[in-house]
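Just below is one structure, and these are the notes that go with it.
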Amino acid sequence: MNRSIRAAVRSRADYRCEYCRLHESDLPLFPFHIEHIVAKKHHGGDDPINLAWSCHECNLGKSSNLSGRDAETGRVVVLFNPRRQRWGRHFAWDGATLIGLTPCGRATIDVLNINSPHRVELRELLILGGVFPPE
Ligand SMILES: [Zn+2]
């Protein structure tokens with residue numbers, strides 16, 4: 001991955017994780033990652049249309065997954081794609097907890113483990129500090 005693509009992806013995301021919306025400065029000891037929306041093992045490429053800026057936890061949770069199961073409907077659905085879908089259509093905040101508004105949103109929250117207790121606790125602290133959520 002060349003530096004200019006990395007810088008462009010980072011800037012395009014406004015330095016926030018494109019899944020959980022955490023800002024890089026909210027977790028400075030854990031560098032963010034370039035995330036392949038369609039993983040290389042599924043023949044996803046390095047074109048910026050396939051890349052997202054991601055915190056390390058969302059990146060680890062997503063791994064090479066392309067889909068997840070929505071617990072509400074039982075359906076297997078494609079995970080959120082920040083290049084092709086609007087975040088606000090699939091997700092909303094309830095305090096520090098991320099709510100899935102659609103099967104895609106709910107499955108993404110589940111697979112990426114976005115509401116794990118320590119992540120919710122971090123967001124509670126950021127809310128108290130007045131720096132979260134960004135929208
Ligand atoms: Zn994240």
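Scheme for the structure tokens: letters A, B, ... for chains in order shown; per-chain residue numbers from 1; ligand numbers from 1 in order shown.
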
Exercise for review: Check which residues fall inside 7 Å of ligand 1 when counting only C-alpha atoms and all ligand atoms, and print them as a ChimeraX atom specification.
Suggested key: /A:17-22,54-58

Point to revise | In chain A, DSSP strand (DSSP E or B) residues written as a ChimeraX atom specification | key: /A:16,23,33-36,51-54,67-69,76-78,91-94,97-100

Point to revise | Coordinates-based distance that separates CA of Gly61 (chain A) from CA of Arg106 (chain A) (Å, one decimal) | key: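 Here the two named atoms are 13.9 Å from each other.
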
What's the 12 Å shell around His36 (chain A), counting only C-alpha atoms, without same-chain residues fewer than 4 positions away, as a short mmCIF file (atom, residue, chain, number, x, y, z; two decimals) with N, CA, C and O atoms, in the first residue's frame?
```cif
data_model
loop_
_atom_site.label_atom_id
_atom_site.label_comp_id
_atom_site.auth_asym_id
_atom_site.auth_seq_id
_atom_site.Cartn_x
_atom_site.Cartn_y
_atom_site.Cartn_z
N MET A 1 0.86 -1.19 0.00
CA MET A 1 0.00 0.00 0.00
C MET A 1 0.90 1.24 0.00
O MET A 1 1.69 1.41 0.91
N ARG A 6 -2.77 5.56 1.31
CA ARG A 6 -3.06 5.49 2.74
C ARG A 6 -3.49 6.87 3.27
O ARG A 6 -4.50 6.98 3.97
N VAL A 9 -7.04 7.72 1.98
CA VAL A 9 -8.11 6.97 2.66
C VAL A 9 -8.34 7.55 4.05
O VAL A 9 -9.47 7.76 4.48
N GLU A 18 -14.43 4.18 10.00
CA GLU A 18 -15.63 4.28 9.17
C GLU A 18 -16.72 3.32 9.60
O GLU A 18 -17.82 3.32 9.05
N LYS A 40 -8.49 -9.40 0.60
CA LYS A 40 -7.69 -9.91 -0.51
C LYS A 40 -7.98 -11.38 -0.79
O LYS A 40 -7.96 -11.82 -1.93
N LYS A 41 -8.27 -12.15 0.27
CA LYS A 41 -8.56 -13.57 0.05
C LYS A 41 -9.83 -13.79 -0.74
O LYS A 41 -10.05 -14.86 -1.30
N HIS A 42 -10.68 -12.75 -0.80
CA HIS A 42 -11.89 -12.82 -1.62
C HIS A 42 -11.71 -12.00 -2.90
O HIS A 42 -12.67 -11.54 -3.50
N HIS A 43 -10.45 -11.75 -3.24
CA HIS A 43 -10.07 -11.06 -4.47
C HIS A 43 -10.38 -9.57 -4.44
O HIS A 43 -10.56 -8.95 -5.49
N GLY A 44 -10.45 -8.99 -3.23
CA GLY A 44 -10.57 -7.53 -3.14
C GLY A 44 -9.21 -6.90 -3.42
O GLY A 44 -8.18 -7.45 -3.06
N GLY A 45 -9.23 -5.76 -4.05
CA GLY A 45 -7.98 -5.11 -4.45
C GLY A 45 -7.61 -3.94 -3.56
O GLY A 45 -8.26 -3.68 -2.54
N ASP A 46 -6.56 -3.25 -3.97
CA ASP A 46 -6.05 -2.10 -3.23
C ASP A 46 -6.59 -0.77 -3.77
O ASP A 46 -6.12 0.29 -3.38
N ASP A 47 -7.57 -0.85 -4.67
CA ASP A 47 -8.16 0.38 -5.17
C ASP A 47 -8.88 1.09 -4.02
O ASP A 47 -9.54 0.43 -3.20
N PRO A 48 -8.79 2.42 -3.94
CA PRO A 48 -9.44 3.14 -2.83
C PRO A 48 -10.93 2.85 -2.67
O PRO A 48 -11.47 2.98 -1.57
N ILE A 49 -11.62 2.41 -3.72
CA ILE A 49 -13.04 2.08 -3.61
C ILE A 49 -13.26 0.86 -2.72
O ILE A 49 -14.35 0.64 -2.20
N ASN A 50 -12.18 0.07 -2.51
CA ASN A 50 -12.28 -1.12 -1.66
C ASN A 50 -11.62 -0.91 -0.29
O ASN A 50 -11.47 -1.86 0.46
N LEU A 51 -11.25 0.31 0.02
CA LEU A 51 -10.51 0.56 1.25
C LEU A 51 -11.30 1.44 2.21
O LEU A 51 -12.01 2.35 1.78
N ALA A 52 -11.14 1.16 3.49
CA ALA A 52 -11.77 1.99 4.53
C ALA A 52 -10.74 2.23 5.62
O ALA A 52 -9.80 1.45 5.81
N TRP A 53 -10.92 3.31 6.35
CA TRP A 53 -10.09 3.61 7.51
C TRP A 53 -10.78 3.01 8.72
O TRP A 53 -11.98 3.21 8.92
N SER A 54 -10.04 2.24 9.51
CA SER A 54 -10.69 1.46 10.57
C SER A 54 -9.84 1.45 11.83
O SER A 54 -8.61 1.35 11.77
N CYS A 58 -12.30 -2.74 15.12
CA CYS A 58 -13.23 -3.03 14.01
C CYS A 58 -12.52 -3.86 12.95
O CYS A 58 -13.10 -4.79 12.39
N ASN A 59 -11.27 -3.52 12.67
CA ASN A 59 -10.53 -4.26 11.66
C ASN A 59 -10.33 -5.72 12.07
O ASN A 59 -10.52 -6.64 11.27
N LEU A 60 -9.99 -5.93 13.33
CA LEU A 60 -9.82 -7.32 13.81
C LEU A 60 -11.13 -8.08 13.77
O LEU A 60 -11.19 -9.25 13.41
N LYS A 62 -13.81 -7.47 11.88
CA LYS A 62 -14.27 -7.70 10.52
C LYS A 62 -13.41 -8.76 9.85
O LYS A 62 -13.94 -9.62 9.15
N SER A 63 -12.09 -8.65 10.05
CA SER A 63 -11.18 -9.61 9.44
C SER A 63 -11.53 -9.77 7.96
O SER A 63 -11.68 -8.78 7.27
N SER A 64 -11.69 -10.98 7.48
CA SER A 64 -12.03 -11.16 6.07
C SER A 64 -13.53 -11.41 5.87
O SER A 64 -13.96 -11.76 4.78
N ASN A 65 -14.32 -11.19 6.95
CA ASN A 65 -15.77 -11.43 6.83
C ASN A 65 -16.42 -10.49 5.82
O ASN A 65 -16.10 -9.30 5.77
N LEU A 66 -17.35 -11.03 5.08
CA LEU A 66 -18.13 -10.23 4.13
C LEU A 66 -19.58 -10.16 4.58
O LEU A 66 -20.33 -9.30 4.12
N ASN A 81 -20.84 -1.55 3.98
CA ASN A 81 -19.76 -1.14 3.09
C ASN A 81 -19.72 0.39 3.09
O ASN A 81 -20.60 1.03 2.53
N PRO A 82 -18.70 0.97 3.74
CA PRO A 82 -18.67 2.43 3.84
C PRO A 82 -18.51 3.17 2.51
O PRO A 82 -18.77 4.36 2.44
N ARG A 83 -18.12 2.46 1.47
CA ARG A 83 -17.99 3.11 0.15
C ARG A 83 -19.33 3.15 -0.57
O ARG A 83 -19.58 4.02 -1.39
#
```

**Study point:** DSSP helix (DSSP H, G or I) selection over chain A, as a PyMOL selection string
**Key:** chain A and resi 3-12+24-26+40-42+48-50+56-62+87-90+103-111+117-128

Practice item. Have a look at A:Cys104, A:Ala96, A:Gly130, A:Glu35 and name the one nearest to Ser116 (chain A); count only C-alpha atoms. Key: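 Checking each of A:Cys104, A:Ala96, A:Gly130, A:Glu35 against Ser116 (chain A), counting only C-alpha atoms, the winner is A:Ala96.
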
Practice item. Name the closest residue to Gly95 (chain A) among the candidates A:Phe32, A:Tyr15, A:Phe132, A:Phe80; distances are taken between atoms, counting only C-alpha atoms. Key: A:Phe132

Identify, on the basis of only C-alpha atoms, every residue whose closest approach to Ile114 (chain A) does not exceed 8 Å; exclude the query and any residue fewer than 3 positions from it along the same chain; express the result as a short mmCIF file (atom, residue, chain, number, x, y, z; two decimals) with N, CA, C and O atoms, in the first residue's frame.
```cif
data_model
loop_
_atom_site.label_atom_id
_atom_site.label_comp_id
_atom_site.auth_asym_id
_atom_site.auth_seq_id
_atom_site.Cartn_x
_atom_site.Cartn_y
_atom_site.Cartn_z
N CYS A 20 -17.12 2.32 13.50
CA CYS A 20 -17.59 2.72 14.84
C CYS A 20 -17.45 4.22 15.11
O CYS A 20 -17.87 4.69 16.16
N CYS A 58 -12.30 -2.74 15.12
CA CYS A 58 -13.23 -3.03 14.01
C CYS A 58 -12.52 -3.86 12.95
O CYS A 58 -13.10 -4.79 12.39
N LEU A 98 -24.08 1.59 20.05
CA LEU A 98 -24.46 1.72 18.64
C LEU A 98 -25.63 0.80 18.36
O LEU A 98 -25.61 -0.39 18.70
N ILE A 109 -22.55 -4.61 13.54
CA ILE A 109 -22.25 -4.35 14.95
C ILE A 109 -21.84 -5.65 15.64
O ILE A 109 -20.88 -5.68 16.42
N ASP A 110 -22.54 -6.73 15.32
CA ASP A 110 -22.27 -8.01 15.95
C ASP A 110 -20.90 -8.57 15.51
O ASP A 110 -20.08 -8.92 16.36
N VAL A 111 -20.66 -8.64 14.23
CA VAL A 111 -19.41 -9.23 13.73
C VAL A 111 -18.20 -8.41 14.16
O VAL A 111 -17.16 -8.96 14.52
N ARG A 119 -15.53 -1.24 24.89
CA ARG A 119 -15.67 -0.22 23.85
C ARG A 119 -16.79 0.76 24.21
O ARG A 119 -16.67 1.96 23.98
N VAL A 120 -17.87 0.25 24.79
CA VAL A 120 -18.94 1.14 25.25
C VAL A 120 -18.41 2.04 26.37
O VAL A 120 -18.68 3.24 26.40
#
```
